[in-house]
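Shown here: final.txt, compact mmCIF, C-alpha atoms and all ligand atoms.
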# COMPACT_ATOMS: atom_id res chain seq x y z
CA MET A 263 -170.99 12.87 53.44
CA ARG A 264 -174.51 11.79 52.41
CA ILE A 265 -175.22 8.32 51.07
CA PHE A 266 -178.32 7.12 49.24
CA LYS A 267 -179.58 3.85 47.83
CA LEU A 268 -180.51 3.51 44.17
CA LYS A 269 -182.28 0.47 42.73
CA LYS A 270 -180.36 -0.93 39.76
CA GLU A 271 -183.29 -0.47 37.38
CA TYR A 272 -183.14 3.27 38.00
CA LEU A 273 -179.50 3.66 36.98
CA PHE A 274 -179.91 4.22 33.23
CA PRO A 275 -183.06 6.41 33.58
CA PHE A 276 -181.09 8.52 36.08
CA LEU A 277 -178.08 8.81 33.74
CA GLU A 278 -180.41 9.70 30.87
CA SER A 279 -182.03 12.47 32.86
CA ILE A 280 -178.76 14.07 33.99
CA SER A 281 -176.96 13.83 30.65
CA GLU A 282 -179.31 16.06 28.68
CA GLY A 283 -177.12 18.73 27.08
CA ALA A 284 -173.88 16.98 28.05
CA ASP A 285 -171.73 14.26 26.52
CA LEU A 286 -172.00 11.12 28.65
CA TRP A 287 -168.80 9.05 28.53
CA ALA A 288 -168.84 5.50 29.89
CA PRO A 289 -166.98 2.19 29.44
CA THR A 290 -167.97 0.19 26.37
CA LYS A 291 -166.76 -3.20 25.18
CA LYS A 292 -164.83 -3.35 21.91
CA PRO A 293 -165.26 -6.30 19.52
CA GLU A 294 -161.93 -7.83 20.61
CA GLY A 295 -163.10 -7.81 24.24
CA LYS A 296 -161.16 -4.83 25.63
CA HIS A 297 -162.89 -1.76 27.02
CA SER A 298 -162.79 1.88 26.06
CA PHE A 299 -164.43 5.07 27.35
CA GLN A 300 -166.74 6.36 24.60
CA ILE A 301 -169.54 8.90 24.22
CA ILE A 302 -172.75 6.99 24.82
CA LYS A 303 -175.51 7.23 22.20
CA ASP A 304 -177.36 4.13 23.30
CA PHE A 305 -177.39 2.95 26.93
CA SER A 306 -177.08 -0.69 25.91
CA GLN A 307 -173.46 0.17 24.90
CA ILE A 308 -172.45 0.71 28.55
CA ASP A 309 -170.55 -2.26 29.97
CA LEU A 310 -169.70 -1.93 33.65
CA ASP A 311 -168.22 -5.42 33.82
CA TYR A 312 -164.70 -4.20 33.12
CA THR A 313 -161.40 -3.90 34.97
CA ARG A 314 -159.54 -1.26 32.96
CA THR A 315 -159.98 0.61 29.70
CA ILE A 316 -157.25 0.63 27.02
CA LEU A 317 -156.60 4.39 27.26
CA PRO A 318 -157.00 6.22 30.54
CA PRO A 319 -159.74 8.81 31.13
CA ARG A 320 -157.26 11.68 30.71
CA LYS A 321 -158.02 11.34 26.97
CA ILE A 322 -161.42 12.89 27.76
CA PHE A 323 -159.91 16.03 29.32
CA LEU A 324 -156.93 16.41 26.98
CA PRO A 325 -157.38 14.43 23.76
CA PRO A 326 -154.26 12.78 22.23
CA SER A 327 -154.11 15.72 19.79
CA PHE A 328 -156.02 19.00 19.78
CA ASN A 329 -155.65 22.52 18.46
CA MET A 330 -154.50 25.10 21.04
CA PHE A 331 -154.66 28.23 18.94
CA LYS A 332 -154.59 29.74 15.50
CA ALA A 333 -151.86 32.29 14.82
CA THR A 334 -151.48 34.95 12.14
CA GLU A 335 -148.81 37.63 11.82
CA LYS A 336 -150.93 39.97 13.93
CA LYS A 337 -152.74 37.89 16.54
CA TYR A 338 -153.55 34.51 17.89
CA GLU A 339 -156.92 33.06 18.82
CA ALA A 340 -157.14 30.43 21.53
CA ASP A 341 -159.15 27.35 20.61
CA PHE A 342 -161.11 25.66 23.39
CA SER A 343 -163.26 23.55 21.10
CA HIS A 344 -162.21 20.39 23.01
CA VAL A 345 -164.08 21.75 26.04
CA THR A 346 -167.72 20.64 26.19
CA GLU A 347 -170.07 19.76 29.06
CA LYS A 348 -169.21 16.19 29.98
CA ILE A 349 -170.16 13.50 32.45
CA ILE A 350 -167.82 10.56 32.88
CA PHE A 351 -169.60 7.58 34.38
CA GLY A 352 -168.04 4.33 35.57
CA LEU A 353 -164.60 5.53 36.69
CA HIS A 354 -162.85 3.19 39.08
CA PRO A 355 -161.13 4.52 42.23
CA CYS A 356 -157.60 4.19 40.73
CA ASP A 357 -158.58 6.34 37.74
CA ILE A 358 -160.11 8.99 40.02
CA HIS A 359 -156.86 9.04 42.02
CA ALA A 360 -155.04 9.53 38.70
CA ILE A 361 -157.25 12.53 37.93
CA LEU A 362 -156.27 13.98 41.34
CA ILE A 363 -152.61 13.56 40.32
CA MET A 364 -153.34 15.33 37.01
CA ASP A 365 -155.05 18.11 39.01
CA GLN A 366 -151.90 18.45 41.11
CA PHE A 367 -149.81 18.89 38.01
CA TYR A 368 -152.08 20.95 35.74
CA LYS A 369 -154.05 22.95 38.32
CA HIS A 370 -151.69 23.47 41.26
CA HIS A 371 -148.15 23.03 39.96
CA TYR A 372 -148.90 25.38 37.08
CA ASN A 373 -152.17 26.56 35.57
CA ASP A 374 -152.98 24.88 32.30
CA PRO A 375 -156.13 26.58 30.97
CA TYR A 376 -156.77 23.77 28.47
CA TYR A 377 -156.93 21.21 31.28
CA ILE A 378 -158.66 23.44 33.83
CA GLU A 379 -161.48 24.44 31.46
CA ALA A 380 -162.09 20.82 30.48
CA ARG A 381 -161.94 19.66 34.11
CA ASN A 382 -164.33 22.37 35.33
CA ASN A 383 -166.89 21.28 32.74
CA THR A 384 -166.76 17.59 33.60
CA LEU A 385 -168.66 15.67 36.26
CA ILE A 386 -167.02 12.56 37.70
CA LEU A 387 -169.29 9.61 38.50
CA GLY A 388 -167.28 6.72 39.94
CA HIS A 389 -168.17 3.04 40.11
CA SER A 390 -166.89 0.20 42.29
CA CYS A 391 -164.72 -2.52 40.77
CA TRP A 392 -163.15 -5.91 41.37
CA PRO A 393 -159.40 -6.58 40.97
CA ASP A 394 -157.80 -8.93 38.46
CA GLU A 395 -154.26 -10.38 38.52
CA HIS A 396 -152.71 -7.07 37.35
CA CYS A 397 -154.36 -4.68 39.82
CA LEU A 398 -151.89 -2.99 42.19
CA CYS A 399 -154.20 -0.32 43.57
CA LYS A 400 -154.19 -1.76 47.07
CA SER A 401 -150.38 -1.46 47.18
CA ALA A 402 -150.61 2.09 45.80
CA GLY A 403 -153.31 3.04 48.34
CA THR A 404 -155.77 3.85 45.55
CA ASP A 405 -158.31 1.04 45.96
CA ILE A 406 -160.56 3.38 47.94
CA ILE A 407 -161.54 6.90 46.96
CA GLU A 408 -162.77 9.56 49.35
CA GLU A 409 -162.56 12.69 47.19
CA GLY A 410 -162.34 13.75 43.57
CA TYR A 411 -165.81 12.56 42.49
CA ASP A 412 -169.28 14.09 42.32
CA LEU A 413 -171.09 10.78 42.83
CA PHE A 414 -169.72 7.31 43.50
CA PHE A 415 -171.76 4.16 42.89
CA SER A 416 -170.88 1.11 45.02
CA GLU A 417 -172.59 -1.90 43.51
CA LEU A 418 -174.34 -4.34 45.83
CA GLU A 419 -176.64 -7.19 44.77
CA LYS A 420 -179.78 -5.38 43.65
CA GLU A 421 -178.91 -1.78 44.31
CA TYR A 422 -176.19 0.81 44.56
CA LEU A 423 -174.96 2.76 47.52
CA VAL A 424 -174.49 6.23 46.05
CA TRP A 425 -171.98 8.48 47.80
CA ILE A 426 -172.28 12.20 47.24
CA GLY A 427 -168.85 13.82 46.91
CA SER A 428 -169.66 17.41 45.94
CA SER A 429 -172.42 20.02 45.78
CA LYS A 430 -172.67 19.34 42.03
CA GLY A 431 -173.30 15.68 42.88
CA ASP A 432 -175.98 16.73 45.34
CA ASP A 433 -177.65 18.80 42.58
CA LEU A 434 -177.70 15.73 40.33
CA ILE A 435 -179.54 13.66 42.96
CA ARG A 436 -182.09 16.46 43.40
CA ARG A 437 -183.04 16.16 39.74
CA LYS A 438 -184.60 12.74 40.43
CA PRO A 439 -185.25 12.58 44.18
CA ASP A 440 -187.85 9.81 43.77
CA PHE A 441 -185.16 7.42 42.55
CA PHE A 442 -183.10 7.71 45.74
CA ASP A 443 -183.73 6.26 49.18
CA GLU A 444 -181.95 7.76 52.17
CA ASN A 445 -182.89 4.87 54.44
CA ILE A 446 -179.65 2.88 54.72
CA THR A 447 -180.31 -0.15 56.94
CA ASP A 448 -177.91 -2.21 59.10
CA LYS A 449 -178.32 -4.99 56.54
CA ASP A 450 -177.14 -2.66 53.74
CA ILE A 451 -174.12 -1.63 55.79
CA GLN A 452 -173.33 -5.27 56.56
CA LYS A 453 -173.53 -6.18 52.85
CA TYR A 454 -171.19 -3.34 51.98
CA ILE A 455 -168.64 -4.29 54.67
CA GLU A 456 -168.68 -7.93 53.56
CA TRP A 457 -168.13 -6.85 49.95
CA ARG A 458 -165.17 -4.68 51.02
CA GLU A 459 -163.62 -7.55 52.98
CA GLU A 460 -164.02 -9.95 50.05
CA LYS A 461 -162.50 -7.43 47.66
CA ASP A 462 -159.52 -6.94 49.98
CA LYS A 463 -158.82 -10.68 49.82
CA ALA A 464 -159.06 -10.77 46.01
CA PHE A 465 -155.73 -9.01 45.33
CA SER A 466 -153.05 -11.43 44.15
CA VAL A 467 -150.05 -9.11 43.67
CA SER A 468 -148.46 -6.41 45.76
CA ILE A 469 -145.56 -3.98 45.58
CA ASP A 470 -143.84 -2.29 48.49
CA PHE A 471 -143.96 1.26 47.13
CA LYS A 472 -142.47 2.82 50.26
CA ASN A 473 -139.05 1.22 49.59
CA MET A 474 -138.95 2.35 45.98
CA PRO A 475 -137.38 5.84 46.30
CA ASP A 476 -134.39 4.37 48.16
CA LEU A 477 -134.10 1.42 45.79
CA MET A 478 -134.24 3.71 42.74
CA GLU A 479 -131.41 5.77 44.23
CA LEU A 480 -129.30 2.79 45.30
CA LYS A 481 -129.79 0.90 42.05
CA TYR A 482 -129.45 3.78 39.63
CA GLN A 483 -126.35 2.16 38.05
CA ASP A 484 -127.65 -1.43 38.34
CA PRO A 485 -127.22 -3.70 35.25
CA LEU A 486 -131.02 -4.15 35.44
CA TRP A 487 -131.46 -0.94 33.40
CA GLU A 488 -129.27 -2.24 30.57
CA LYS A 489 -131.31 -5.45 30.49
CA LEU A 490 -134.54 -3.45 30.27
CA GLY A 491 -133.06 -1.17 27.61
CA GLN A 492 -132.03 -4.14 25.45
CA ALA A 493 -135.58 -5.46 25.31
CA CYS A 494 -137.56 -2.20 25.16
CA LEU A 495 -139.06 -1.49 21.74
CA ALA A 496 -139.35 2.26 22.42
CA CYS A 497 -142.98 2.11 21.33
CA GLY A 498 -144.22 4.58 23.96
CA SER A 499 -147.26 2.43 24.82
CA CYS A 500 -146.48 2.35 28.56
CA SER A 501 -146.73 6.15 28.66
CA ASN A 502 -149.77 6.41 26.45
CA VAL A 503 -151.83 4.01 28.56
CA CYS A 504 -150.72 5.40 31.92
CA PRO A 505 -153.36 7.59 33.58
CA THR A 506 -150.74 9.73 35.36
CA CYS A 507 -148.38 10.46 32.43
CA ASN A 508 -148.73 14.06 31.37
CA CYS A 509 -145.95 14.93 28.90
CA TYR A 510 -146.96 16.63 25.68
CA ASN A 511 -145.41 18.24 22.64
CA ILE A 512 -146.42 21.30 20.64
CA ASN A 513 -146.48 21.31 16.85
CA ASP A 514 -146.77 24.29 14.50
CA LYS A 515 -148.92 23.48 11.51
CA PRO A 516 -148.56 26.17 8.85
CA PHE A 517 -151.17 26.06 6.07
CA LEU A 518 -150.19 27.30 2.63
CA THR A 519 -153.81 27.99 1.73
CA GLU A 520 -154.50 30.11 4.84
CA ASN A 521 -152.67 33.12 6.15
CA ALA A 522 -152.46 31.41 9.55
CA SER A 523 -150.85 28.55 11.44
CA HIS A 524 -152.50 26.14 13.81
CA ILE A 525 -150.61 25.28 16.97
CA SER A 526 -151.52 21.82 18.13
CA ARG A 527 -150.72 19.89 21.26
CA CYS A 528 -150.29 16.13 21.33
CA TRP A 529 -149.38 13.49 23.87
CA ASP A 530 -145.69 12.71 24.11
CA ALA A 531 -143.86 9.86 25.85
CA CYS A 532 -140.49 9.93 27.60
CA THR A 533 -139.87 6.39 26.35
CA LEU A 534 -139.81 7.57 22.71
CA GLU A 535 -136.44 8.33 21.12
CA SER A 536 -137.54 11.77 19.88
CA TYR A 537 -138.55 12.88 23.39
CA SER A 538 -135.10 14.12 24.48
CA GLU A 539 -133.89 15.21 21.06
CA VAL A 540 -132.96 18.86 20.72
CA ALA A 541 -132.09 21.18 17.83
CA GLY A 542 -129.03 19.99 15.93
CA GLY A 543 -129.96 16.36 16.46
CA GLU A 544 -128.37 15.90 19.89
CA ASN A 545 -130.23 13.51 22.17
CA PHE A 546 -129.76 13.61 25.93
CA ARG A 547 -131.28 10.18 26.40
CA GLU A 548 -130.52 8.29 23.25
CA ALA A 549 -130.21 4.98 25.12
CA ARG A 550 -133.52 3.27 25.87
CA SER A 551 -132.19 2.29 29.30
CA LEU A 552 -131.84 6.00 30.18
CA ARG A 553 -135.37 6.76 29.04
CA LEU A 554 -136.76 3.89 31.11
CA LYS A 555 -134.85 5.22 34.14
CA LEU A 556 -136.56 8.56 33.62
CA TYR A 557 -140.02 6.96 33.42
CA TYR A 558 -139.50 4.91 36.57
CA THR A 559 -137.78 7.72 38.45
CA HIS A 560 -140.93 9.77 37.91
CA LYS A 561 -143.27 6.96 39.00
CA LEU A 562 -141.29 5.46 41.87
CA GLN A 563 -139.05 8.17 43.25
CA ALA A 564 -139.60 11.83 42.34
CA TYR A 565 -143.35 11.96 42.95
CA ILE A 566 -143.09 10.01 46.21
CA SER A 567 -140.33 12.34 47.46
CA LYS A 568 -142.43 15.40 46.63
CA TYR A 569 -146.00 14.33 47.43
CA GLY A 570 -145.59 11.24 49.63
CA LYS A 571 -147.27 8.87 47.19
CA PRO A 572 -146.23 7.16 43.94
CA ALA A 573 -147.17 8.53 40.52
CA CYS A 574 -148.60 5.08 39.92
CA VAL A 575 -152.19 4.32 40.85
CA GLY A 576 -151.82 0.59 40.22
CA CYS A 577 -154.29 0.42 37.31
CA GLY A 578 -152.32 -2.40 35.66
CA ARG A 579 -152.49 -0.88 32.15
CA CYS A 580 -148.69 -0.99 31.61
CA ILE A 581 -148.70 -4.63 32.74
CA GLU A 582 -151.36 -5.52 30.20
CA THR A 583 -149.81 -3.42 27.43
CA CYS A 584 -146.01 -3.73 27.27
CA PRO A 585 -145.15 -6.43 24.72
CA VAL A 586 -141.85 -7.26 26.47
CA ASP A 587 -143.08 -7.29 30.11
CA ILE A 588 -141.41 -4.04 31.21
CA ASN A 589 -143.94 -2.68 33.63
CA ILE A 590 -144.37 -1.30 37.13
CA LYS A 591 -144.68 -4.79 38.61
CA THR A 592 -141.63 -6.44 37.02
CA VAL A 593 -139.45 -3.35 37.51
CA ALA A 594 -140.44 -2.84 41.16
CA GLN A 595 -140.05 -6.55 41.93
CA SER A 596 -136.60 -6.62 40.32
CA LEU A 597 -135.52 -3.53 42.24
CA ASP A 598 -136.68 -5.37 45.37
CA ASN A 599 -134.59 -8.46 44.41
CA GLU A 600 -137.66 -10.61 43.74
CA THR A 601 -137.54 -13.22 40.98
CA VAL A 602 -139.52 -12.19 37.93
CA ASP A 603 -140.71 -14.23 35.00
CA ALA A 604 -140.50 -11.63 32.24
CA PHE A 605 -139.62 -11.57 28.55
CA TRP A 606 -136.92 -8.92 29.12
CA ASP A 607 -135.14 -11.16 31.66
CA ARG A 608 -135.29 -14.25 29.43
CA PHE A 609 -134.12 -12.10 26.48
CA ALA A 610 -131.10 -10.82 28.46
CA LYS A 611 -130.13 -14.41 29.33
CA GLU A 612 -130.36 -15.41 25.62
CA VAL A 613 -128.17 -12.57 24.37
CA THR A 614 -125.46 -13.24 26.95
CA LYS A 615 -125.29 -17.01 26.21
S1 LIG A 701 -147.34 2.90 35.98
FE1 LIG A 701 -148.63 1.26 35.11
S2 LIG A 701 -149.93 0.53 36.82
FE2 LIG A 701 -149.03 2.50 37.44
S3 LIG A 701 -150.59 4.02 36.89
FE3 LIG A 701 -149.17 3.89 35.14
S4 LIG A 701 -150.06 2.34 33.76
FE4 LIG A 701 -151.10 2.15 35.76
S1 LIG A 702 -141.30 -0.35 28.17
FE1 LIG A 702 -142.63 -1.65 26.86
S2 LIG A 702 -144.43 -0.39 26.39
FE2 LIG A 702 -142.82 0.99 27.18
S3 LIG A 702 -141.74 1.74 25.36
FE3 LIG A 702 -140.62 -0.09 26.03
S4 LIG A 702 -141.55 -1.79 24.91
FE4 LIG A 702 -142.98 -0.07 24.70
Take the structure in this file and express it as structure tokens.
Amino acid sequence: MRIFKLKKEYLFPFLESISEGADLWAPTKKPEGKHSFQIIKDFSQIDLDYTRTILPPRKIFLPPSFNMFKATEKKYEADFSHVTEKIIFGLHPCDIHAILIMDQFYKHHYNDPYYIEARNNTLILGHSCWPDEHCLCKSAGTDIIEEGYDLFFSELEKEYLVWIGSSKGDDLIRRKPDFFDENITDKDIQKYIEWREEKDKAFSVSIDFKNMPDLMELKYQDPLWEKLGQACLACGSCSNVCPTCNCYNINDKPFLTENASHISRCWDACTLESYSEVAGGENFREARSLRLKLYYTHKLQAYISKYGKPACVGCGRCIETCPVDINIKTVAQSLDNETVDAFWDRFAKEVTK
């Protein structure tokens, strides 16, 4: 793998030069202080001082709702208008790991042309990060990334170490060779190692993911699930913010004014009541506790059993988002018999008083 140095003042000119003819997506700060990946029109919008975005980058490949095809009595026409040339800049290692999980599902498990086309037309430019109190990537083994990107920018004091991860990444560097310096000194390496060691020490929470498949199995009937179900609002936010959730629904949209229907695809969430409803109004998982078991079985058991790693990359979005503290940290800690300080636990104690 080749590594170059890039002076910080060259970053935006480099991004400008490579994004001609493509949509450049990068993290931007919203007025309320949270971050969101947006198409960049003005480079001053980019804010790299962020930990996580509200929605995960999967929204860039498969938007929350898009048209799949138009159907008439005689034919249907596929619609790939969501596919454009894109560059995503500023992705953290956990989110790149999540894209690799999406690849596993949509490219290898079965071929989803809507994902594959979007993925093939998107360049991934990663960026280093610093953990906050919700980051679990070290526990999930996703704090470092060695594949899945075209370029990765590790930020040091005045420059970046730029790792080339693909031939497409190499082509990007060749567009502005004068910006890049191949002379990596011992001092640069030392600075990078020190930064890595400091980052390692900055994690304040951890989860023992390797015990989770057994604990999920052993505690499948545990009263914990009823407690969680009592407090859950069934809002679906935990699924919508998770970078590895991939459920979707298909809607037919007939138009009275056109002799055609549009078939659209939108994100779905297993924590929503409608998710397991079938024709006739039957619902296989009417209880919220059952839907939460499904969500956590996927994250903490099924994916680990099949692929040897959790379907959680430790991004911390569910921790920041769930209004009643049901998240990967509180659930895993409870399964592991650790004491948690969570709304759902206090709520359960109140209702049983
Ligand atoms: S379960 Fe939570 S921490 Fe894990 S990847 Fe999903 S949102 Fe991130
Ligand atoms: S666990 Fe939390 S975020 Fe998820 S559906 Fe329930 S209340 Fe909403």
So that I can see what lies close to segment 369-375 of chain A, please list as number ranges by chain the residues with an atom at most 12 Å from it, counting only C-alpha atoms and leaving out residues fewer than 5 positions away in the same chain.
A: 323-324, 330, 340-342, 344-345, 361-364, 380-382, 508, 568-569
Would you save the residues of that selection, restricted to C-alpha atoms, as a CSV table (one decimal), in the frame of the given file?
chain,number,residue,atom,x,y,z
A,323,PHE,CA,-159.9,16.0,29.3
A,324,LEU,CA,-156.9,16.4,27.0
A,330,MET,CA,-154.5,25.1,21.0
A,340,ALA,CA,-157.1,30.4,21.5
A,341,ASP,CA,-159.2,27.4,20.6
A,342,PHE,CA,-161.1,25.7,23.4
A,344,HIS,CA,-162.2,20.4,23.0
A,345,VAL,CA,-164.1,21.8,26.0
A,361,ILE,CA,-157.2,12.5,37.9
A,362,LEU,CA,-156.3,14.0,41.3
A,363,ILE,CA,-152.6,13.6,40.3
A,364,MET,CA,-153.3,15.3,37.0
A,380,ALA,CA,-162.1,20.8,30.5
A,381,ARG,CA,-161.9,19.7,34.1
A,382,ASN,CA,-164.3,22.4,35.3
A,508,ASN,CA,-148.7,14.1,31.4
A,568,LYS,CA,-142.4,15.4,46.6
A,569,TYR,CA,-146.0,14.3,47.4
Using 10 Å as the limit and counting only C-alpha atoms, can you tabulate each residue of segment 401-476 of chain A that touches segment 280-304 of chain A, with its shortest atom-to-atom distance in Å and the two atoms involved, as a Markdown table?
| residue | atom | partner | partner_atom | distance |
| --- | --- | --- | --- | --- |
| A:Asp433 | CA | A:Ile280 | CA | 9.9 |
| A:Leu434 | CA | A:Ile280 | CA | 6.6 |
| A:Ile435 | CA | A:Ile280 | CA | 9.0 |
| A:Arg437 | CA | A:Ile280 | CA | 7.5 |
| A:Lys438 | CA | A:Ile280 | CA | 8.8 |
Do you know which residues are at most 10 Å from segment 537-548 of chain A counting all atoms listed in the file, after dropping those on the same chain fewer than 6 positions away, and could you put them as a count of residues only?
8
With 4 Å of padding per side, what axis-aligned box (centre and edge lengths, Å, one decimal) covers all the listed atoms of ligand LIG 701 (chain A)? Give it as JSON.
{"center_x": -149.2, "center_y": 2.3, "center_z": 35.6, "size_x": 11.8, "size_y": 11.5, "size_z": 11.7}
Fewer than 6 positions away in the same chain doesn't count, so skip those; otherwise give me all residues within 7 Å of Tyr411 of chain A, counting all atoms listed in the file, as number ranges by chain.
A: 386-388, 427
Check the smallest atom-to-atom distance from each of A:Trp529, A:Tyr558, A:Phe331, A:Phe609 to ligand LIG 701 (chain A) using only C-alpha atoms and all ligand atoms, then report the winner.
A:Tyr558
Dump the neighbourhood of ligand LIG 702 (chain A) as JSON, numbers by chain: all residues within 8 Å, distances computed on only C-alpha atoms and all ligand atoms.
{"A": [490, 491, 493, 494, 495, 496, 497, 498, 499, 500, 501, 533, 534, 550, 554, 580, 583, 584, 585, 586, 587, 588, 589]}
6 Å shell around ligand LIG 701 (chain A) using all atoms listed in the file, listed as a list in words
Val503, Cys504, Pro505, Thr506, Cys574, Val575, Gly576, Cys577, Gly578, Arg579, Cys580 and Ile590 of chain A
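You will find atom CA of Cys397 of chain A at 8.6 Å from atom CA of Thr313 of chain A.
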For Leu268 of chain A: contacts at 9 Å, only C-alpha atoms, fewer than 2 positions along chain excluded, given as a tab-separated table (two decimals) with C-alpha atoms, in the coordinates of the input:
chain	number	residue	atom	x	y	z
A	266	PHE	CA	-178.32	7.12	49.24
A	270	LYS	CA	-180.36	-0.93	39.76
A	271	GLU	CA	-183.29	-0.47	37.38
A	272	TYR	CA	-183.14	3.27	38.00
A	273	LEU	CA	-179.50	3.66	36.98
A	415	PHE	CA	-171.76	4.16	42.89
A	420	LYS	CA	-179.78	-5.38	43.65
A	421	GLU	CA	-178.91	-1.78	44.31
A	422	TYR	CA	-176.19	0.81	44.56
A	423	LEU	CA	-174.96	2.76	47.52
A	424	VAL	CA	-174.49	6.23	46.05
A	441	PHE	CA	-185.16	7.42	42.55
A	442	PHE	CA	-183.10	7.71	45.74
A	443	ASP	CA	-183.73	6.26	49.18
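Taking atom CA of Phe605 of chain A and atom CA of Leu486 of chain A as endpoints, the distance between them is 13.3 Å.
In this structure, atom CA of Tyr565 of chain A sits 28.3 Å away from atom CA of Lys463 of chain A.
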Where does segment 457-569 of chain A meet segment 399-410 of chain A within 12 Å, residue by residue, with the nearest atom pair and distance in Å to one decimal for each, counting only C-alpha atoms, listed by chain and rising number, as JSON lines?
{"residue": "A:Arg458", "atom": "CA", "partner": "A:Ile406", "partner_atom": "CA", "distance": 9.8}
{"residue": "A:Lys461", "atom": "CA", "partner": "A:Asp405", "partner_atom": "CA", "distance": 9.6}
{"residue": "A:Asp462", "atom": "CA", "partner": "A:Lys400", "partner_atom": "CA", "distance": 8.0}
{"residue": "A:Lys463", "atom": "CA", "partner": "A:Lys400", "partner_atom": "CA", "distance": 10.4}
{"residue": "A:Ala464", "atom": "CA", "partner": "A:Lys400", "partner_atom": "CA", "distance": 10.3}
{"residue": "A:Phe465", "atom": "CA", "partner": "A:Lys400", "partner_atom": "CA", "distance": 7.6}
{"residue": "A:Ser466", "atom": "CA", "partner": "A:Lys400", "partner_atom": "CA", "distance": 10.2}
{"residue": "A:Val467", "atom": "CA", "partner": "A:Ser401", "partner_atom": "CA", "distance": 8.4}
{"residue": "A:Ser468", "atom": "CA", "partner": "A:Ser401", "partner_atom": "CA", "distance": 5.5}
{"residue": "A:Ile469", "atom": "CA", "partner": "A:Ser401", "partner_atom": "CA", "distance": 5.7}
{"residue": "A:Asp470", "atom": "CA", "partner": "A:Ser401", "partner_atom": "CA", "distance": 6.7}
{"residue": "A:Phe471", "atom": "CA", "partner": "A:Ala402", "partner_atom": "CA", "distance": 6.8}
{"residue": "A:Lys472", "atom": "CA", "partner": "A:Ala402", "partner_atom": "CA", "distance": 9.3}
{"residue": "A:Asn473", "atom": "CA", "partner": "A:Ser401", "partner_atom": "CA", "distance": 11.9}
{"residue": "A:Met474", "atom": "CA", "partner": "A:Ala402", "partner_atom": "CA", "distance": 11.7}
{"residue": "A:Lys561", "atom": "CA", "partner": "A:Ala402", "partner_atom": "CA", "distance": 11.1}
{"residue": "A:Leu562", "atom": "CA", "partner": "A:Ala402", "partner_atom": "CA", "distance": 10.7}
{"residue": "A:Ile566", "atom": "CA", "partner": "A:Ala402", "partner_atom": "CA", "distance": 10.9}
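With all atoms listed in the file as the basis for measurement, A:His359 is the residue among A:Arg436, A:Lys515, A:His359, A:Arg320 that approaches Lys571 of chain A most closely.
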May I have the residues within 10 Å of Glu335 of chain A as a ChimeraX atom specification, using all atoms listed in the file and disregarding those fewer than 4 positions away in the same chain?
/A:521-523
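For the choices A:Met263, A:Ala594, A:Ile581, A:Cys532, the atom-to-atom distance to Ile316 of chain A is smallest for A:Ile581 when using only C-alpha atoms.
For the choices A:Glu417, A:Glu347, A:Ile265, A:Leu277, the atom-to-atom distance to Tyr454 of chain A is smallest for A:Glu417 when using all atoms listed in the file.
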Kindly add N, CA, C and O atoms to the incomplete segment 432-439 of chain A and provide the output as a short mmCIF file (atom, residue, chain, number, x, y, z; two decimals), keeping the file's coordinate frame.
data_model
loop_
_atom_site.label_atom_id
_atom_site.label_comp_id
_atom_site.auth_asym_id
_atom_site.auth_seq_id
_atom_site.Cartn_x
_atom_site.Cartn_y
_atom_site.Cartn_z
N ASP A 432 -174.72 16.55 44.60
CA ASP A 432 -175.98 16.73 45.34
C ASP A 432 -177.07 17.28 44.40
O ASP A 432 -178.21 16.82 44.42
N ASP A 433 -176.69 18.23 43.55
CA ASP A 433 -177.65 18.80 42.58
C ASP A 433 -178.16 17.72 41.63
O ASP A 433 -179.33 17.73 41.26
N LEU A 434 -177.27 16.79 41.25
CA LEU A 434 -177.70 15.73 40.33
C LEU A 434 -178.78 14.87 40.98
O LEU A 434 -179.79 14.53 40.36
N ILE A 435 -178.57 14.50 42.24
CA ILE A 435 -179.54 13.66 42.96
C ILE A 435 -180.89 14.37 43.05
O ILE A 435 -181.95 13.76 42.91
N ARG A 436 -180.84 15.68 43.25
CA ARG A 436 -182.09 16.46 43.40
C ARG A 436 -182.91 16.51 42.12
O ARG A 436 -184.08 16.85 42.14
N ARG A 437 -182.27 16.16 40.99
CA ARG A 437 -183.04 16.16 39.74
C ARG A 437 -184.02 14.99 39.71
O ARG A 437 -185.03 15.04 39.03
N LYS A 438 -183.71 13.92 40.41
CA LYS A 438 -184.60 12.74 40.43
C LYS A 438 -184.71 12.21 41.87
O LYS A 438 -184.33 11.06 42.15
N PRO A 439 -185.23 13.00 42.77
CA PRO A 439 -185.25 12.58 44.18
C PRO A 439 -186.03 11.29 44.42
O PRO A 439 -185.71 10.53 45.33
#
